[in-house]
>>> print(open('protein_5.pdb').read())   # PDB, C-alpha atoms and all ligand atoms
ATOM      1  CA  MET A   1     215.418  -5.597  42.467  1.00  0.00           C
ATOM      2  CA  ILE A   2     212.465  -4.544  40.305  1.00  0.00           C
ATOM      3  CA  THR A   3     213.353  -2.968  36.949  1.00  0.00           C
ATOM      4  CA  ILE A   4     210.837  -0.807  35.093  1.00  0.00           C
ATOM      5  CA  ALA A   5     211.355   0.089  31.403  1.00  0.00           C
ATOM      6  CA  LEU A   6     210.021   3.472  30.288  1.00  0.00           C
ATOM      7  CA  SER A   7     210.422   5.703  27.247  1.00  0.00           C
ATOM      8  CA  LYS A   8     211.148   9.417  27.549  1.00  0.00           C
ATOM      9  CA  GLY A   9     208.556  11.977  26.562  1.00  0.00           C
ATOM     10  CA  ARG A  10     204.804  11.692  26.828  1.00  0.00           C
ATOM     11  CA  ILE A  11     204.666   8.245  28.437  1.00  0.00           C
ATOM     12  CA  TYR A  12     207.329   9.115  31.016  1.00  0.00           C
ATOM     13  CA  ASP A  13     205.691  12.454  31.868  1.00  0.00           C
ATOM     14  CA  GLU A  14     202.241  10.927  32.269  1.00  0.00           C
ATOM     15  CA  ALA A  15     203.521   7.826  34.107  1.00  0.00           C
ATOM     16  CA  LEU A  16     205.363   9.880  36.758  1.00  0.00           C
ATOM     17  CA  PRO A  17     202.246  10.765  38.786  1.00  0.00           C
ATOM     18  CA  LEU A  18     201.081   7.126  38.686  1.00  0.00           C
ATOM     19  CA  LEU A  19     204.471   5.852  39.839  1.00  0.00           C
ATOM     20  CA  LYS A  20     204.530   8.515  42.539  1.00  0.00           C
ATOM     21  CA  ALA A  21     201.114   7.371  43.754  1.00  0.00           C
ATOM     22  CA  ALA A  22     202.601   3.858  43.898  1.00  0.00           C
ATOM     23  CA  GLY A  23     205.459   5.242  46.027  1.00  0.00           C
ATOM     24  CA  ILE A  24     208.142   5.344  43.335  1.00  0.00           C
ATOM     25  CA  ILE A  25     210.015   8.578  42.595  1.00  0.00           C
ATOM     26  CA  ALA A  26     212.992   8.731  40.214  1.00  0.00           C
ATOM     27  CA  THR A  27     215.988  10.498  41.735  1.00  0.00           C
ATOM     28  CA  GLU A  28     216.910  12.082  38.376  1.00  0.00           C
ATOM     29  CA  ASP A  29     215.104  13.632  35.423  1.00  0.00           C
ATOM     30  CA  PRO A  30     215.883  11.703  32.189  1.00  0.00           C
ATOM     31  CA  GLU A  31     215.460  14.930  30.174  1.00  0.00           C
ATOM     32  CA  LEU A  32     218.370  16.472  32.115  1.00  0.00           C
ATOM     33  CA  SER A  33     220.546  13.440  32.762  1.00  0.00           C
ATOM     34  CA  ARG A  34     222.165  11.242  30.125  1.00  0.00           C
ATOM     35  CA  LYS A  35     221.902   8.244  32.401  1.00  0.00           C
ATOM     36  CA  LEU A  36     219.928   5.321  31.024  1.00  0.00           C
ATOM     37  CA  ILE A  37     219.440   3.618  34.384  1.00  0.00           C
ATOM     38  CA  LEU A  38     217.754   5.831  36.956  1.00  0.00           C
ATOM     39  CA  ALA A  39     217.715   5.098  40.661  1.00  0.00           C
ATOM     40  CA  THR A  40     214.530   5.745  42.624  1.00  0.00           C
ATOM     41  CA  ASN A  41     213.659   6.564  46.223  1.00  0.00           C
ATOM     42  CA  ARG A  42     213.173   2.800  46.695  1.00  0.00           C
ATOM     43  CA  ARG A  43     216.447   0.912  46.909  1.00  0.00           C
ATOM     44  CA  ASN A  44     214.941  -2.134  45.180  1.00  0.00           C
ATOM     45  CA  VAL A  45     213.360  -0.284  42.229  1.00  0.00           C
ATOM     46  CA  ARG A  46     215.178   1.167  39.206  1.00  0.00           C
ATOM     47  CA  ILE A  47     214.023   2.657  35.910  1.00  0.00           C
ATOM     48  CA  LEU A  48     215.500   1.932  32.460  1.00  0.00           C
ATOM     49  CA  ILE A  49     215.147   4.622  29.797  1.00  0.00           C
ATOM     50  CA  VAL A  50     214.689   2.929  26.406  1.00  0.00           C
ATOM     51  CA  ARG A  51     213.154   3.766  23.020  1.00  0.00           C
ATOM     52  CA  SER A  52     209.378   3.301  23.095  1.00  0.00           C
ATOM     53  CA  ALA A  53     209.462   0.484  20.506  1.00  0.00           C
ATOM     54  CA  ASP A  54     212.092  -1.343  22.621  1.00  0.00           C
ATOM     55  CA  VAL A  55     210.066  -1.394  25.873  1.00  0.00           C
ATOM     56  CA  PRO A  56     208.219  -4.673  25.052  1.00  0.00           C
ATOM     57  CA  THR A  57     211.503  -6.341  24.052  1.00  0.00           C
ATOM     58  CA  TYR A  58     213.207  -5.492  27.366  1.00  0.00           C
ATOM     59  CA  VAL A  59     210.222  -6.868  29.270  1.00  0.00           C
ATOM     60  CA  GLN A  60     209.769  -9.922  27.005  1.00  0.00           C
ATOM     61  CA  TYR A  61     213.349 -11.080  27.659  1.00  0.00           C
ATOM     62  CA  GLY A  62     213.236 -10.196  31.355  1.00  0.00           C
ATOM     63  CA  ALA A  63     215.868  -7.416  31.201  1.00  0.00           C
ATOM     64  CA  ALA A  64     213.054  -5.360  32.734  1.00  0.00           C
ATOM     65  CA  ASP A  65     210.329  -6.849  34.950  1.00  0.00           C
ATOM     66  CA  LEU A  66     207.746  -4.216  34.073  1.00  0.00           C
ATOM     67  CA  GLY A  67     207.289  -1.601  31.404  1.00  0.00           C
ATOM     68  CA  ILE A  68     204.845   0.944  30.089  1.00  0.00           C
ATOM     69  CA  ALA A  69     204.158   0.874  26.361  1.00  0.00           C
ATOM     70  CA  GLY A  70     201.555   2.280  23.997  1.00  0.00           C
ATOM     71  CA  LYS A  71     198.987  -0.107  22.550  1.00  0.00           C
ATOM     72  CA  ASP A  72     200.360   0.907  19.122  1.00  0.00           C
ATOM     73  CA  VAL A  73     203.817  -0.381  20.079  1.00  0.00           C
ATOM     74  CA  LEU A  74     202.403  -3.560  21.662  1.00  0.00           C
ATOM     75  CA  ASN A  75     200.389  -4.353  18.511  1.00  0.00           C
ATOM     76  CA  GLU A  76     203.510  -4.142  16.369  1.00  0.00           C
ATOM     77  CA  HIS A  77     205.555  -6.187  18.854  1.00  0.00           C
ATOM     78  CA  GLY A  78     202.963  -8.942  19.094  1.00  0.00           C
ATOM     79  CA  GLY A  79     202.996  -9.228  22.903  1.00  0.00           C
ATOM     80  CA  ARG A  80     204.815 -12.577  23.204  1.00  0.00           C
ATOM     81  CA  GLY A  81     205.844 -13.374  26.785  1.00  0.00           C
ATOM     82  CA  LEU A  82     204.068 -10.306  28.124  1.00  0.00           C
ATOM     83  CA  TYR A  83     201.317 -10.097  30.681  1.00  0.00           C
ATOM     84  CA  GLN A  84     199.213  -6.960  30.107  1.00  0.00           C
ATOM     85  CA  PRO A  85     197.275  -6.499  33.322  1.00  0.00           C
ATOM     86  CA  LEU A  86     196.418  -2.819  33.149  1.00  0.00           C
ATOM     87  CA  ASP A  87     195.295  -0.051  30.822  1.00  0.00           C
ATOM     88  CA  LEU A  88     196.863   3.013  32.477  1.00  0.00           C
ATOM     89  CA  ASN A  89     194.683   5.445  30.497  1.00  0.00           C
ATOM     90  CA  ILE A  90     197.638   7.702  29.738  1.00  0.00           C
ATOM     91  CA  ALA A  91     199.127   8.922  26.439  1.00  0.00           C
ATOM     92  CA  CYS A  92     195.671   8.543  24.903  1.00  0.00           C
ATOM     93  CA  CYS A  93     195.209   9.130  21.200  1.00  0.00           C
ATOM     94  CA  ARG A  94     193.718   7.392  18.165  1.00  0.00           C
ATOM     95  CA  MET A  95     195.319   5.443  15.349  1.00  0.00           C
ATOM     96  CA  MET A  96     193.849   6.914  12.173  1.00  0.00           C
ATOM     97  CA  VAL A  97     194.022   6.744   8.407  1.00  0.00           C
ATOM     98  CA  ALA A  98     194.761  10.222   7.024  1.00  0.00           C
ATOM     99  CA  VAL A  99     194.929  11.606   3.476  1.00  0.00           C
ATOM    100  CA  PRO A 100     195.514  14.993   1.792  1.00  0.00           C
ATOM    101  CA  ALA A 101     192.610  17.391   2.432  1.00  0.00           C
ATOM    102  CA  GLY A 102     191.473  17.245  -1.207  1.00  0.00           C
ATOM    103  CA  PHE A 103     191.554  13.442  -1.590  1.00  0.00           C
ATOM    104  CA  ASP A 104     188.229  11.551  -1.657  1.00  0.00           C
ATOM    105  CA  TYR A 105     189.248   8.471   0.324  1.00  0.00           C
ATOM    106  CA  GLN A 106     185.766   6.912   0.491  1.00  0.00           C
ATOM    107  CA  GLN A 107     185.385   7.107  -3.267  1.00  0.00           C
ATOM    108  CA  ALA A 108     188.832   5.603  -3.843  1.00  0.00           C
ATOM    109  CA  VAL A 109     187.865   2.715  -1.555  1.00  0.00           C
ATOM    110  CA  ARG A 110     184.492   2.250  -3.296  1.00  0.00           C
ATOM    111  CA  GLN A 111     186.224   2.147  -6.665  1.00  0.00           C
ATOM    112  CA  GLY A 112     188.585  -0.539  -5.401  1.00  0.00           C
ATOM    113  CA  ALA A 113     191.666   1.625  -5.957  1.00  0.00           C
ATOM    114  CA  ARG A 114     194.994   0.213  -4.829  1.00  0.00           C
ATOM    115  CA  LEU A 115     196.369   2.668  -2.272  1.00  0.00           C
ATOM    116  CA  ARG A 116     199.933   3.318  -1.232  1.00  0.00           C
ATOM    117  CA  VAL A 117     199.965   3.752   2.536  1.00  0.00           C
ATOM    118  CA  ALA A 118     203.002   4.929   4.500  1.00  0.00           C
ATOM    119  CA  THR A 119     203.221   4.063   8.179  1.00  0.00           C
ATOM    120  CA  LYS A 120     205.321   3.080  11.153  1.00  0.00           C
ATOM    121  CA  TYR A 121     202.491   0.690  12.124  1.00  0.00           C
ATOM    122  CA  VAL A 122     202.703  -1.872   9.340  1.00  0.00           C
ATOM    123  CA  GLN A 123     201.092  -4.690  11.326  1.00  0.00           C
ATOM    124  CA  ALA A 124     198.064  -2.682  12.439  1.00  0.00           C
ATOM    125  CA  ALA A 125     197.656  -1.159   8.965  1.00  0.00           C
ATOM    126  CA  ARG A 126     197.848  -4.566   7.246  1.00  0.00           C
ATOM    127  CA  GLU A 127     195.171  -6.009   9.555  1.00  0.00           C
ATOM    128  CA  HIS A 128     192.915  -2.972   9.191  1.00  0.00           C
ATOM    129  CA  PHE A 129     192.928  -2.817   5.389  1.00  0.00           C
ATOM    130  CA  ALA A 130     192.702  -6.603   5.026  1.00  0.00           C
ATOM    131  CA  ALA A 131     189.590  -6.618   7.249  1.00  0.00           C
ATOM    132  CA  LYS A 132     188.056  -3.874   5.066  1.00  0.00           C
ATOM    133  CA  GLY A 133     189.057  -5.611   1.834  1.00  0.00           C
ATOM    134  CA  VAL A 134     191.053  -2.563   0.696  1.00  0.00           C
ATOM    135  CA  HIS A 135     194.123  -3.300  -1.433  1.00  0.00           C
ATOM    136  CA  VAL A 136     197.181  -1.475  -0.161  1.00  0.00           C
ATOM    137  CA  ASP A 137     200.901  -1.343  -0.732  1.00  0.00           C
ATOM    138  CA  LEU A 138     202.441  -0.559   2.645  1.00  0.00           C
ATOM    139  CA  ILE A 139     205.563   1.574   2.893  1.00  0.00           C
ATOM    140  CA  LYS A 140     207.387   1.355   6.213  1.00  0.00           C
ATOM    141  CA  LEU A 141     208.558   4.673   7.658  1.00  0.00           C
ATOM    142  CA  TYR A 142     210.135   5.441  11.023  1.00  0.00           C
ATOM    143  CA  GLY A 143     208.801   8.964  11.565  1.00  0.00           C
ATOM    144  CA  SER A 144     207.191  12.116  10.103  1.00  0.00           C
ATOM    145  CA  MET A 145     204.590  10.080   8.219  1.00  0.00           C
ATOM    146  CA  GLU A 146     202.778  13.335   7.387  1.00  0.00           C
ATOM    147  CA  LEU A 147     205.431  14.087   4.805  1.00  0.00           C
ATOM    148  CA  ALA A 148     204.652  11.013   2.681  1.00  0.00           C
ATOM    149  CA  PRO A 149     201.410  12.205   1.006  1.00  0.00           C
ATOM    150  CA  LEU A 150     202.827  15.718   0.589  1.00  0.00           C
ATOM    151  CA  THR A 151     205.755  14.445  -1.453  1.00  0.00           C
ATOM    152  CA  GLY A 152     203.987  11.772  -3.521  1.00  0.00           C
ATOM    153  CA  LEU A 153     205.524   8.895  -1.571  1.00  0.00           C
ATOM    154  CA  ALA A 154     202.069   7.634  -0.536  1.00  0.00           C
ATOM    155  CA  ASP A 155     198.331   8.287  -1.014  1.00  0.00           C
ATOM    156  CA  ALA A 156     197.543   7.878   2.675  1.00  0.00           C
ATOM    157  CA  ILE A 157     199.178   7.390   6.073  1.00  0.00           C
ATOM    158  CA  VAL A 158     198.348   5.489   9.212  1.00  0.00           C
ATOM    159  CA  ASP A 159     199.464   7.532  12.209  1.00  0.00           C
ATOM    160  CA  LEU A 160     198.583   8.489  15.767  1.00  0.00           C
ATOM    161  CA  VAL A 161     196.365  11.530  16.156  1.00  0.00           C
ATOM    162  CA  ALA A 162     195.831  13.358  19.437  1.00  0.00           C
ATOM    163  CA  THR A 163     194.628  16.945  18.866  1.00  0.00           C
ATOM    164  CA  GLY A 164     194.726  16.739  15.050  1.00  0.00           C
ATOM    165  CA  ASN A 165     197.024  19.800  14.934  1.00  0.00           C
ATOM    166  CA  THR A 166     199.836  17.995  13.121  1.00  0.00           C
ATOM    167  CA  LEU A 167     197.473  16.775  10.382  1.00  0.00           C
ATOM    168  CA  ARG A 168     195.915  20.232   9.983  1.00  0.00           C
ATOM    169  CA  ALA A 169     199.319  21.937   9.852  1.00  0.00           C
ATOM    170  CA  ASN A 170     200.239  19.664   6.939  1.00  0.00           C
ATOM    171  CA  ASN A 171     196.943  19.990   5.043  1.00  0.00           C
ATOM    172  CA  LEU A 172     195.877  16.422   5.820  1.00  0.00           C
ATOM    173  CA  LYS A 173     192.594  15.063   7.198  1.00  0.00           C
ATOM    174  CA  ALA A 174     191.747  11.961   9.231  1.00  0.00           C
ATOM    175  CA  VAL A 175     189.272   9.748   7.378  1.00  0.00           C
ATOM    176  CA  GLU A 176     189.033   6.551   9.427  1.00  0.00           C
ATOM    177  CA  GLU A 177     189.749   5.410  12.963  1.00  0.00           C
ATOM    178  CA  ILE A 178     191.661   2.148  13.290  1.00  0.00           C
ATOM    179  CA  ALA A 179     191.784   1.915  17.077  1.00  0.00           C
ATOM    180  CA  PRO A 180     191.829   3.972  20.266  1.00  0.00           C
ATOM    181  CA  ILE A 181     195.321   3.943  21.785  1.00  0.00           C
ATOM    182  CA  SER A 182     196.540   4.307  25.361  1.00  0.00           C
ATOM    183  CA  ALA A 183     199.565   3.159  27.325  1.00  0.00           C
ATOM    184  CA  ARG A 184     199.485  -0.233  29.045  1.00  0.00           C
ATOM    185  CA  LEU A 185     201.453  -1.719  31.891  1.00  0.00           C
ATOM    186  CA  ILE A 186     203.292  -4.823  30.751  1.00  0.00           C
ATOM    187  CA  VAL A 187     204.896  -7.427  32.979  1.00  0.00           C
ATOM    188  CA  ASN A 188     207.330 -10.253  32.248  1.00  0.00           C
ATOM    189  CA  GLN A 189     205.371 -13.440  32.923  1.00  0.00           C
ATOM    190  CA  ALA A 190     208.250 -15.278  34.621  1.00  0.00           C
ATOM    191  CA  ALA A 191     209.115 -12.246  36.772  1.00  0.00           C
ATOM    192  CA  LEU A 192     205.521 -12.059  37.956  1.00  0.00           C
ATOM    193  CA  LYS A 193     205.728 -15.642  39.194  1.00  0.00           C
ATOM    194  CA  LEU A 194     209.214 -15.377  40.735  1.00  0.00           C
ATOM    195  CA  LYS A 195     208.868 -11.902  42.265  1.00  0.00           C
ATOM    196  CA  ARG A 196     205.136 -11.826  42.936  1.00  0.00           C
ATOM    197  CA  ASP A 197     205.609 -10.611  46.520  1.00  0.00           C
ATOM    198  CA  SER A 198     207.230  -7.379  45.378  1.00  0.00           C
ATOM    199  CA  ILE A 199     205.510  -6.937  41.991  1.00  0.00           C
ATOM    200  CA  GLN A 200     201.876  -7.578  42.974  1.00  0.00           C
ATOM    201  CA  PRO A 201     201.659  -4.661  45.478  1.00  0.00           C
ATOM    202  CA  LEU A 202     203.062  -2.401  42.760  1.00  0.00           C
ATOM    203  CA  LEU A 203     200.437  -3.612  40.256  1.00  0.00           C
ATOM    204  CA  ASP A 204     197.698  -3.030  42.819  1.00  0.00           C
ATOM    205  CA  ALA A 205     198.930   0.506  43.591  1.00  0.00           C
ATOM    206  CA  LEU A 206     199.208   1.373  39.900  1.00  0.00           C
ATOM    207  CA  ALA A 207     195.714  -0.002  39.268  1.00  0.00           C
ATOM    208  CA  ARG A 208     194.352   2.237  42.057  1.00  0.00           C
ATOM    209  CA  ALA A 209     196.236   5.271  40.706  1.00  0.00           C
ATOM    210  CA  ALA A 210     195.057   4.684  37.117  1.00  0.00           C
ATOM    211  CA  ALA A 211     191.405   4.074  38.030  1.00  0.00           C
TER     212      ALA A 211
HETATM  213  P1  LIG B 301     198.478  15.874  17.370  1.00  0.00           P
HETATM  214  O1  LIG B 301     199.084  16.975  16.531  1.00  0.00           O
HETATM  215  O2  LIG B 301     198.145  16.331  18.765  1.00  0.00           O
HETATM  216  O3  LIG B 301     197.292  15.221  16.685  1.00  0.00           O
HETATM  217  O4  LIG B 301     199.582  14.760  17.570  1.00  0.00           O
HETATM  218  C1  LIG B 301     200.017  14.010  16.471  1.00  0.00           C
HETATM  219  C2  LIG B 301     201.497  13.761  16.521  1.00  0.00           C
HETATM  220  O5  LIG B 301     201.892  13.343  17.803  1.00  0.00           O
HETATM  221  C3  LIG B 301     201.855  12.643  15.566  1.00  0.00           C
HETATM  222  O6  LIG B 301     203.155  12.869  15.055  1.00  0.00           O
HETATM  223  C4  LIG B 301     201.810  11.408  16.438  1.00  0.00           C
HETATM  224  O7  LIG B 301     202.672  10.395  15.956  1.00  0.00           O
HETATM  225  C5  LIG B 301     202.213  11.942  17.799  1.00  0.00           C
HETATM  226  N1  LIG B 301     201.436  11.346  18.904  1.00  0.00           N
HETATM  227  C6  LIG B 301     200.206  11.728  19.300  1.00  0.00           C
HETATM  228  N2  LIG B 301     199.790  10.993  20.347  1.00  0.00           N
HETATM  229  C7  LIG B 301     200.786  10.140  20.630  1.00  0.00           C
HETATM  230  C8  LIG B 301     200.979   9.120  21.604  1.00  0.00           C
HETATM  231  N3  LIG B 301     200.051   8.827  22.515  1.00  0.00           N
HETATM  232  N4  LIG B 301     202.131   8.422  21.594  1.00  0.00           N
HETATM  233  C9  LIG B 301     203.074   8.714  20.667  1.00  0.00           C
HETATM  234  N5  LIG B 301     202.961   9.643  19.721  1.00  0.00           N
HETATM  235  C10 LIG B 301     201.837  10.355  19.697  1.00  0.00           C
END
>>> encode(input="protein_5.pdb", output="structure tokens")
Amino acid sequence: MITIALSKGRIYDEALPLLKAAGIIATEDPELSRKLILATNRRNVRILIVRSADVPTYVQYGAADLGIAGKDVLNEHGGRGLYQPLDLNIACCRMMVAVPAGFDYQQAVRQGARLRVATKYVQAAREHFAAKGVHVDLIKLYGSMELAPLTGLADAIVDLVATGNTLRANNLKAVEEIAPISARLIVNQAALKLKRDSIQPLLDALARAAA
């Protein structure tokens, strides 16, 4: 049995065509079913539906052999025990620093101001501001980061930006790119060794589909 961990939403929707090209079709739609383990057209392949931040953990401990996770999530997880053979080029966006439209971020940085930054991506934010020599107090949030500068909780946020519509709708502007983000295939290192005969053809097919 090969078990693939996926999160619902953008990654699932954009991974479906790649999995299909690799010959794997889920027999149920996770948006319609409450099942967390989905069967596929292949008797030896099943799909686990987990929260996006939990995908690396399932694969790290071998509860799933493979998974698809955003680079943002992998950065925060640290990637221990994971083989990352493939950038799938899906769920693409950018991790950005954003501030209220009227805030002069560059000047605040030049003046050495200490900034309060709210984010879900504490690890990536810490590394980014440390590398720039900017002093920050990081505030961990779990969602709707855009609200933090609007309510005085923080001066800035670190968040994912795709079209920029969410920032614009909340009167915020992106001022700095931290990293380009896309979803990666991750594989449990032990599973790759023990089940190479069944996993390697899948990796090859996914690599062809993502190219
Ligand atoms: P947008 O309005 O298109 O710039 O999208 C920004 C919103 O979508 C933010 O709330 C982001 O956290 C979220 N978002 C954008 N791209 C992704 C992605 N690839 N994975 C997860 N969340 C994303």
>>> residues_near_ligand(input="protein_5.pdb", ligand="ligand LIG 301 (chain B)", cutoff="10 Å", atoms="all atoms listed in the file", output="VMD selection string")
chain A and resid 9 to 11 52 69 to 73 90 to 95 120 143 to 146 158 to 169 174 180 to 183
>>> closest_atom_pairs(input="protein_5.pdb", of="segment 178-207 of chain A", to="segment 42-45 of chain A", cutoff="12 Å", atoms="only C-alpha atoms", output="tab-separated table")
residue	atom	partner	partner_atom	distance
A:Lys195	CA	A:Asn44	CA	11.9
A:Ser198	CA	A:Asn44	CA	9.3
A:Ile199	CA	A:Val45	CA	10.3
A:Leu202	CA	A:Val45	CA	10.5
>>> closest_residue(input="protein_5.pdb", among="A:Arg196, A:Phe103, A:Tyr142, A:Ala131", to="Thr119 of chain A", atoms="all atoms listed in the file")
A:Tyr142
>>> atom_distance(input="protein_5.pdb", atom1="atom CA of Glu14 of chain A", atom2="atom CA of Tyr121 of chain A")
22.6 Å
>>> closest_residue(input="protein_5.pdb", among="A:Ile68, A:Ile139, A:Leu38, A:Val55", to="Leu88 of chain A", atoms="only C-alpha atoms")
A:Ile68
>>> resolve_selection(input="protein_5.pdb", expression="the PyMOL selection byres (((chain A and resi 36) around 10) and not hetatm)", output="list in words")
Pro30, Ser33, Arg34, Lys35, Ile37, Leu38, Ala39, Ile47, Leu48, Ile49 and Val50 of chain A
>>> write_last_selection(input="protein_5.pdb", atoms="C-alpha atoms", output="JSON list (two decimals), in the frame of the given file")
[["chain", "number", "residue", "atom", "x", "y", "z"],
["A", 30, "PRO", "CA", 215.88, 11.70, 32.19],
["A", 33, "SER", "CA", 220.55, 13.44, 32.76],
["A", 34, "ARG", "CA", 222.16, 11.24, 30.12],
["A", 35, "LYS", "CA", 221.90, 8.24, 32.40],
["A", 37, "ILE", "CA", 219.44, 3.62, 34.38],
["A", 38, "LEU", "CA", 217.75, 5.83, 36.96],
["A", 39, "ALA", "CA", 217.72, 5.10, 40.66],
["A", 47, "ILE", "CA", 214.02, 2.66, 35.91],
["A", 48, "LEU", "CA", 215.50, 1.93, 32.46],
["A", 49, "ILE", "CA", 215.15, 4.62, 29.80],
["A", 50, "VAL", "CA", 214.69, 2.93, 26.41]]
>>> residues_around(input="protein_5.pdb", residues="Arg110 of chain A", least_positions_apart="4", cutoff="10 Å", atoms="only C-alpha atoms", output="PDB file with C-alpha atoms, keeping the file's coordinate frame")
ATOM      1  CA  TYR A 105     189.248   8.471   0.324  1.00  0.00           C
ATOM      2  CA  GLN A 106     185.766   6.912   0.491  1.00  0.00           C
ATOM      3  CA  VAL A 134     191.053  -2.563   0.696  1.00  0.00           C
TER       4      VAL A 134
END
>>> resolve_selection(input="protein_5.pdb", expression="the PyMOL selection byres (((chain A and resi 101) around 8) and not hetatm)", output="count of residues only")
7
>>> atom_distance(input="protein_5.pdb", atom1="atom CA of His128 of chain A", atom2="atom CA of Arg51 of chain A")
25.4 Å
>>> axis_aligned_box(input="protein_5.pdb", around="segment 55-58 of chain A", padding_each_side="8 Å", output="lines of an AutoDock Vina configuration file")
center_x = 210.7
center_y = -3.9
center_z = 25.7
size_x = 21.0
size_y = 20.9
size_z = 19.3
>>> atom_distance(input="protein_5.pdb", atom1="atom CA of Leu19 of chain A", atom2="atom CA of Ala63 of chain A")
19.5 Å
>>> residues_near_point(input="protein_5.pdb", point="(193.9, -2.3, 2.5)", cutoff="10 Å", atoms="all atoms listed in the file", output="list in words")
Val109, Gly112, Ala113, Arg114, Leu115, Arg116, Val117, Ala125, Arg126, Glu127, His128, Phe129, Ala130, Ala131, Lys132, Gly133, Val134, His135, Val136, Asp137 and Leu138 of chain A
>>> write_last_selection(input="protein_5.pdb", atoms="C-alpha atoms", output="PDB file, in the coordinates of the input")
ATOM      1  CA  VAL A 109     187.865   2.715  -1.555  1.00  0.00           C
ATOM      2  CA  GLY A 112     188.585  -0.539  -5.401  1.00  0.00           C
ATOM      3  CA  ALA A 113     191.666   1.625  -5.957  1.00  0.00           C
ATOM      4  CA  ARG A 114     194.994   0.213  -4.829  1.00  0.00           C
ATOM      5  CA  LEU A 115     196.369   2.668  -2.272  1.00  0.00           C
ATOM      6  CA  ARG A 116     199.933   3.318  -1.232  1.00  0.00           C
ATOM      7  CA  VAL A 117     199.965   3.752   2.536  1.00  0.00           C
ATOM      8  CA  ALA A 125     197.656  -1.159   8.965  1.00  0.00           C
ATOM      9  CA  ARG A 126     197.848  -4.566   7.246  1.00  0.00           C
ATOM     10  CA  GLU A 127     195.171  -6.009   9.555  1.00  0.00           C
ATOM     11  CA  HIS A 128     192.915  -2.972   9.191  1.00  0.00           C
ATOM     12  CA  PHE A 129     192.928  -2.817   5.389  1.00  0.00           C
ATOM     13  CA  ALA A 130     192.702  -6.603   5.026  1.00  0.00           C
ATOM     14  CA  ALA A 131     189.590  -6.618   7.249  1.00  0.00           C
ATOM     15  CA  LYS A 132     188.056  -3.874   5.066  1.00  0.00           C
ATOM     16  CA  GLY A 133     189.057  -5.611   1.834  1.00  0.00           C
ATOM     17  CA  VAL A 134     191.053  -2.563   0.696  1.00  0.00           C
ATOM     18  CA  HIS A 135     194.123  -3.300  -1.433  1.00  0.00           C
ATOM     19  CA  VAL A 136     197.181  -1.475  -0.161  1.00  0.00           C
ATOM     20  CA  ASP A 137     200.901  -1.343  -0.732  1.00  0.00           C
ATOM     21  CA  LEU A 138     202.441  -0.559   2.645  1.00  0.00           C
TER      22      LEU A 138
END
>>> closest_residue(input="protein_5.pdb", among="A:Ala205, A:Gly79, A:Asp65, A:Pro56", to="Ile24 of chain A", atoms="all atoms listed in the file")
A:Ala205
>>> closest_residue(input="protein_5.pdb", among="A:Leu203, A:Val59, A:Ala209, A:Leu16", to="Ile4 of chain A", atoms="all atoms listed in the file")
A:Val59
>>> closest_residue(input="protein_5.pdb", among="A:Lys193, A:Pro17, A:Glu28, A:Asp155", to="Val97 of chain A", atoms="only C-alpha atoms")
A:Asp155
>>> closest_residue(input="protein_5.pdb", among="A:Gln123, A:Asp87, A:Arg208, A:Asp197", to="Met1 of chain A", atoms="all atoms listed in the file")
A:Asp197
